[in-house]
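Q: Could you have a look at this structure, given as structure tokens, before my questions?
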Amino acid sequence: MQLIDGKQTANSIKADIAAEVKKIVESGARRPCLAAVLVGHDGGSETYVANKVKACEVCGFESILIRYEDTVSEEELLSKVRELNTDSKVDGIIVQLPLTKHISEQKVIETIDYRKDVDGFHPINVGRMSIGLPAFISATPKGIMELLKYYQIKTSGKTCVILGRSNIVGKPMARLMVQKNYGDATVIVCHSHTPNIKELCRQADIIIAAIGVPEYVTADMVKSGAVIIDVGTTRVPDATKKKGFRLCGDVKFDEVSPLCSYISPVPGGVGPMTICSLMQNTLLAYQHKIYD
Ligand code: GUN
């Protein structure tokens, strides 16, 4: 069994980005810039956004953090997004999700200029990615594809089971894995109404678990030699930790790992890669490599 080290992979990719930015700056050009909008004080969102800002620093990007209380109106938020759309010094825009109930996430996503949509959530990017056209690919699925590539894990012709059908992970992951120029795999997407999940998982060469149920994937669901990618990040109370919780994946690591050829741990697997993908997308936006 080989452990997939997302932290090391992400650090290596971020170092490459930083080297490229150094050259850009030495040539006299401005630095790439990511604008992040955070609404409210959700603990998870605070951590994610802080880590994104930190990653910008590591990569040599400028970052702008715009904060609102969760009483902000939808119109005020949308008008900030429109302002960032027209700011020529801003290359990428993210609005951290989830948002408070009185704000339509879809409206916010669709207001972001698709050419600055480094989260890859805008329907134009989702649609273009789905048919294999150049597009911003959302961070988690892109990070997983990078990990598979980095570890030279073959996906073409393999059977891949994806657990979960969210817009952020499951659905884009399935589209990438089935795409000829990406995964080129046979893809099965399981969700809450799939009756025979265990049986389907046992057929999988690759399982990507993104259902948010701690330790859902057990040894009896895993074929010997399978590749396991764990996307789960549920906060489980843990009095022994300084923060009072620990992150728990969707895979029962201790019993599943001996069966696998490769497995990504939680934490330290997919998590660090998602932020790294966002940095890659911001650089692509700056360089106009996806859209002119
Ligand atoms: N919330 C959970 N994941 C993400 C993400 O990738 N981007 C944004 N903007 N919000 C999220």
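Residue numbering restarts at 1 for every chain of the structure tokens, chains are lettered A, B, ... in their displayed order, and ligands are numbered from 1 as they appear.
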Kindly provide, as a short mmCIF file (atom, residue, chain, number, x, y, z; two decimals) with C-alpha atoms, in the first residue's frame, all nucleotide and amino acid residues lying within 7 Å of ligand 1, counting only C-alpha atoms and all ligand atoms.

A:
data_model
loop_
_atom_site.label_atom_id
_atom_site.label_comp_id
_atom_site.auth_asym_id
_atom_site.auth_seq_id
_atom_site.Cartn_x
_atom_site.Cartn_y
_atom_site.Cartn_z
CA SER A 45 -15.11 28.68 5.83
CA ILE A 94 -14.06 33.27 -5.28
CA VAL A 95 -17.05 33.61 -2.99
CA GLN A 96 -16.71 31.06 -0.21
CA LEU A 97 -19.70 28.70 0.06
CA PRO A 98 -22.04 27.97 1.73
CA ASP A 119 -13.63 27.97 -8.64
CA SER A 138 -13.26 23.16 -9.85
CA ALA A 139 -10.58 22.76 -7.24
CA THR A 140 -11.30 19.39 -5.61
CA ILE A 168 -18.67 20.76 -6.12
#

Q: Which residues, written as a PyMOL selection string, have at least one atom at most 8 Å from A:Ser63, with only C-alpha atoms counted and residues fewer than 6 positions away on the same chain left out?

A: chain A and resi 33-36+53+56-57

Q: Take the residues from that selection and write them out as a PDB file, in the first residue's frame, keeping all heavy atoms.

A:
ATOM      1  N   CYS A  33      -3.520  38.113  -9.048  1.00  0.00           N
ATOM      2  CA  CYS A  33      -4.294  38.534  -7.869  1.00  0.00           C
ATOM      3  C   CYS A  33      -5.604  37.754  -7.751  1.00  0.00           C
ATOM      4  O   CYS A  33      -6.377  37.669  -8.698  1.00  0.00           O
ATOM      5  CB  CYS A  33      -4.582  40.030  -7.941  1.00  0.00           C
ATOM      6  SG  CYS A  33      -5.631  40.622  -6.601  1.00  0.00           S
ATOM      7  N   LEU A  34      -5.809  37.195  -6.558  1.00  0.00           N
ATOM      8  CA  LEU A  34      -7.050  36.470  -6.259  1.00  0.00           C
ATOM      9  C   LEU A  34      -7.873  37.287  -5.255  1.00  0.00           C
ATOM     10  O   LEU A  34      -7.346  37.711  -4.230  1.00  0.00           O
ATOM     11  CB  LEU A  34      -6.731  35.099  -5.644  1.00  0.00           C
ATOM     12  CG  LEU A  34      -7.927  34.278  -5.146  1.00  0.00           C
ATOM     13  CD1 LEU A  34      -8.787  33.774  -6.309  1.00  0.00           C
ATOM     14  CD2 LEU A  34      -7.463  33.083  -4.305  1.00  0.00           C
ATOM     15  N   ALA A  35      -9.146  37.505  -5.562  1.00  0.00           N
ATOM     16  CA  ALA A  35     -10.048  38.164  -4.615  1.00  0.00           C
ATOM     17  C   ALA A  35     -10.961  37.114  -3.994  1.00  0.00           C
ATOM     18  O   ALA A  35     -11.595  36.330  -4.715  1.00  0.00           O
ATOM     19  CB  ALA A  35     -10.885  39.224  -5.320  1.00  0.00           C
ATOM     20  N   ALA A  36     -10.986  37.070  -2.660  1.00  0.00           N
ATOM     21  CA  ALA A  36     -11.828  36.100  -1.944  1.00  0.00           C
ATOM     22  C   ALA A  36     -12.874  36.841  -1.133  1.00  0.00           C
ATOM     23  O   ALA A  36     -12.554  37.802  -0.430  1.00  0.00           O
ATOM     24  CB  ALA A  36     -10.961  35.244  -1.025  1.00  0.00           C
ATOM     25  N   VAL A  53      -5.650  32.442   1.372  1.00  0.00           N
ATOM     26  CA  VAL A  53      -4.868  33.683   1.421  1.00  0.00           C
ATOM     27  C   VAL A  53      -3.382  33.346   1.669  1.00  0.00           C
ATOM     28  O   VAL A  53      -2.486  33.915   1.041  1.00  0.00           O
ATOM     29  CB  VAL A  53      -5.438  34.640   2.509  1.00  0.00           C
ATOM     30  CG1 VAL A  53      -4.492  35.789   2.788  1.00  0.00           C
ATOM     31  CG2 VAL A  53      -6.818  35.148   2.090  1.00  0.00           C
ATOM     32  N   CYS A  56      -1.768  32.032  -1.428  1.00  0.00           N
ATOM     33  CA  CYS A  56      -1.460  33.129  -2.360  1.00  0.00           C
ATOM     34  C   CYS A  56      -0.080  33.701  -2.040  1.00  0.00           C
ATOM     35  O   CYS A  56       0.731  33.962  -2.931  1.00  0.00           O
ATOM     36  CB  CYS A  56      -2.508  34.239  -2.263  1.00  0.00           C
ATOM     37  SG  CYS A  56      -4.030  33.874  -3.135  1.00  0.00           S
ATOM     38  N   GLU A  57       0.154  33.892  -0.758  1.00  0.00           N
ATOM     39  CA  GLU A  57       1.449  34.438  -0.309  1.00  0.00           C
ATOM     40  C   GLU A  57       2.594  33.515  -0.733  1.00  0.00           C
ATOM     41  O   GLU A  57       3.594  33.963  -1.283  1.00  0.00           O
ATOM     42  CB  GLU A  57       1.413  34.526   1.209  1.00  0.00           C
ATOM     43  CG  GLU A  57       1.858  35.856   1.773  1.00  0.00           C
ATOM     44  CD  GLU A  57       1.608  35.863   3.261  1.00  0.00           C
ATOM     45  OE1 GLU A  57       0.481  36.247   3.673  1.00  0.00           O
ATOM     46  OE2 GLU A  57       2.522  35.458   4.000  1.00  0.00           O
TER      47      GLU A  57
END

Q: Determine, counting only C-alpha atoms, which protein, DNA and RNA residues have an atom within 10 Å of an atom of A:Gly120; residues of the same chain fewer than 3 positions away are not included. Present the result as a short mmCIF file (atom, residue, chain, number, x, y, z; two decimals) with C-alpha atoms, in the first residue's frame.

A:
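Dumped everything to out_15.cif:
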data_model
loop_
_atom_site.label_atom_id
_atom_site.label_comp_id
_atom_site.auth_asym_id
_atom_site.auth_seq_id
_atom_site.Cartn_x
_atom_site.Cartn_y
_atom_site.Cartn_z
CA ILE A 94 -14.06 33.27 -5.28
CA ILE A 109 -22.00 32.08 -8.98
CA TYR A 114 -16.77 33.18 -16.09
CA ARG A 115 -13.29 34.33 -17.18
CA LYS A 116 -12.45 35.04 -13.51
CA ASP A 117 -14.35 32.04 -12.10
CA PRO A 123 -22.39 27.07 -15.73
CA ILE A 124 -20.18 28.13 -18.67
CA ASN A 125 -17.14 26.50 -17.05
CA VAL A 126 -19.13 23.46 -15.89
CA GLY A 127 -20.59 23.01 -19.38
CA MET A 129 -15.49 21.12 -18.93
CA ALA A 135 -12.42 25.65 -18.83
CA PHE A 136 -11.69 26.41 -15.20
CA ILE A 137 -12.06 23.07 -13.43
CA SER A 138 -13.26 23.16 -9.85
CA ALA A 139 -10.58 22.76 -7.24
CA LYS A 142 -8.86 19.05 -10.42
CA ILE A 168 -18.67 20.76 -6.12
CA PRO A 172 -17.52 17.30 -11.90
CA LEU A 278 -7.16 27.15 -7.01
CA ASN A 281 -6.46 28.30 -11.88
#

Q: Determine which residues of stretch 101-287 of chain A receive a DSSP assignment of strand (DSSP E), computed from the backbone, and state them as a list in words.

A: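 Restricting stretch 101-287 of chain A to strand (DSSP E) produces Thr159, Cys160, Val161, Ile162, Leu163, Thr186, Val187, Ile188, Val189, Cys190, Ile206, Ile207, Ile208, Ala209, Val227, Ile228, Ile229, Asp230, Thr234, Arg235, Val236, Pro237, Phe245, Arg246, Leu247, Cys248, Tyr262 and Ile263 of chain A.
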
Q: Mind writing the picked residues with C-alpha atoms as a CSV table (one decimal), in the first residue's frame?

A:
chain,number,residue,atom,x,y,z
A,159,THR,CA,-13.8,1.1,-13.3
A,160,CYS,CA,-14.2,4.2,-11.1
A,161,VAL,CA,-16.9,4.4,-8.4
A,162,ILE,CA,-17.7,7.9,-7.2
A,163,LEU,CA,-19.7,8.1,-3.9
A,186,THR,CA,-15.8,3.7,-16.8
A,187,VAL,CA,-17.7,5.7,-14.2
A,188,ILE,CA,-20.4,4.7,-11.7
A,189,VAL,CA,-21.9,7.5,-9.6
A,190,CYS,CA,-23.5,6.3,-6.3
A,206,ILE,CA,-10.7,3.3,-8.1
A,207,ILE,CA,-13.1,4.6,-5.4
A,208,ILE,CA,-13.5,8.3,-4.9
A,209,ALA,CA,-15.5,8.9,-1.6
A,227,VAL,CA,-7.0,2.9,-5.4
A,228,ILE,CA,-8.9,4.9,-2.7
A,229,ILE,CA,-9.3,8.6,-2.8
A,230,ASP,CA,-10.9,10.0,0.4
A,234,THR,CA,-16.2,15.9,8.6
A,235,ARG,CA,-15.4,17.6,11.9
A,236,VAL,CA,-15.7,15.1,14.7
A,237,PRO,CA,-15.5,16.2,18.3
A,245,PHE,CA,-12.3,18.4,16.9
A,246,ARG,CA,-10.5,16.3,14.3
A,247,LEU,CA,-11.1,15.8,10.6
A,248,CYS,CA,-12.6,12.5,9.7
A,262,TYR,CA,-2.8,3.5,-3.1
A,263,ILE,CA,-4.9,5.5,-0.5

Q: Would you mind listing what lies within 10 Å of A:Lys198 as a list in words, with only C-alpha atoms counted and same-chain residues fewer than 3 positions away left out?

A: Cys190, Thr194, Pro195, Cys201, Arg202, Gln203, Val217, Thr218, Asp220, Met221 and Val222 of chain A

Q: Since we have the selection now, will you write its residues out, keeping N, CA, C and O atoms, as a PDB file, in the first residue's frame?

A:
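What ended up in part-v1.pdb:
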ATOM      1  N   CYS A 190     -22.566   6.774  -7.328  1.00  0.00           N
ATOM      2  CA  CYS A 190     -23.511   6.282  -6.322  1.00  0.00           C
ATOM      3  C   CYS A 190     -23.986   7.437  -5.453  1.00  0.00           C
ATOM      4  O   CYS A 190     -23.232   8.370  -5.172  1.00  0.00           O
ATOM      5  N   THR A 194     -28.976   4.904  -4.298  1.00  0.00           N
ATOM      6  CA  THR A 194     -28.384   3.745  -4.979  1.00  0.00           C
ATOM      7  C   THR A 194     -28.535   2.542  -4.047  1.00  0.00           C
ATOM      8  O   THR A 194     -28.036   2.570  -2.920  1.00  0.00           O
ATOM      9  N   PRO A 195     -29.234   1.489  -4.488  1.00  0.00           N
ATOM     10  CA  PRO A 195     -29.531   0.394  -3.557  1.00  0.00           C
ATOM     11  C   PRO A 195     -28.342  -0.530  -3.270  1.00  0.00           C
ATOM     12  O   PRO A 195     -28.244  -1.079  -2.176  1.00  0.00           O
ATOM     13  N   CYS A 201     -19.158  -0.906  -5.283  1.00  0.00           N
ATOM     14  CA  CYS A 201     -17.810  -0.530  -4.807  1.00  0.00           C
ATOM     15  C   CYS A 201     -16.829  -1.684  -4.971  1.00  0.00           C
ATOM     16  O   CYS A 201     -15.663  -1.466  -5.309  1.00  0.00           O
ATOM     17  N   ARG A 202     -17.314  -2.901  -4.742  1.00  0.00           N
ATOM     18  CA  ARG A 202     -16.419  -4.077  -4.837  1.00  0.00           C
ATOM     19  C   ARG A 202     -15.922  -4.307  -6.263  1.00  0.00           C
ATOM     20  O   ARG A 202     -14.939  -4.980  -6.479  1.00  0.00           O
ATOM     21  N   GLN A 203     -16.623  -3.696  -7.249  1.00  0.00           N
ATOM     22  CA  GLN A 203     -16.176  -3.829  -8.650  1.00  0.00           C
ATOM     23  C   GLN A 203     -15.141  -2.761  -9.015  1.00  0.00           C
ATOM     24  O   GLN A 203     -14.566  -2.785 -10.104  1.00  0.00           O
ATOM     25  N   VAL A 217     -16.775   3.982   4.017  1.00  0.00           N
ATOM     26  CA  VAL A 217     -16.202   2.911   3.191  1.00  0.00           C
ATOM     27  C   VAL A 217     -15.439   1.940   4.093  1.00  0.00           C
ATOM     28  O   VAL A 217     -14.450   2.309   4.727  1.00  0.00           O
ATOM     29  N   THR A 218     -15.927   0.701   4.123  1.00  0.00           N
ATOM     30  CA  THR A 218     -15.326  -0.308   5.004  1.00  0.00           C
ATOM     31  C   THR A 218     -14.631  -1.380   4.158  1.00  0.00           C
ATOM     32  O   THR A 218     -14.799  -1.439   2.939  1.00  0.00           O
ATOM     33  N   ASP A 220     -15.102  -4.463   3.598  1.00  0.00           N
ATOM     34  CA  ASP A 220     -15.932  -5.367   2.774  1.00  0.00           C
ATOM     35  C   ASP A 220     -16.426  -4.710   1.480  1.00  0.00           C
ATOM     36  O   ASP A 220     -17.078  -5.356   0.663  1.00  0.00           O
ATOM     37  N   MET A 221     -16.110  -3.425   1.280  1.00  0.00           N
ATOM     38  CA  MET A 221     -16.527  -2.725   0.059  1.00  0.00           C
ATOM     39  C   MET A 221     -15.377  -2.556  -0.928  1.00  0.00           C
ATOM     40  O   MET A 221     -15.547  -1.957  -1.993  1.00  0.00           O
ATOM     41  N   VAL A 222     -14.205  -3.045  -0.539  1.00  0.00           N
ATOM     42  CA  VAL A 222     -13.006  -2.706  -1.314  1.00  0.00           C
ATOM     43  C   VAL A 222     -12.342  -3.943  -1.905  1.00  0.00           C
ATOM     44  O   VAL A 222     -12.045  -4.909  -1.189  1.00  0.00           O
TER      45      VAL A 222
END

Q: Between A:Val37, A:Ala174, A:Met273, A:Ala185, single out the one closest to A:Glu146, counting only C-alpha atoms.

A: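 Looking at the shortest contact to A:Glu146, the residue is A:Met273.
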
Q: Quick one: of A:Glu110, A:Asp292, A:Asp205, A:Asp87, who's nearest to A:Ile153, counting only C-alpha atoms?

A: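 Result for the nearest residue to A:Ile153: A:Asp205.
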
Q: Using only C-alpha atoms, can you tell me which of A:Ile24, A:Ala285, A:Ile275, A:Ile13 comes closest to A:Tyr48?

A: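 Smallest separation from A:Tyr48 among the options: A:Ile275.
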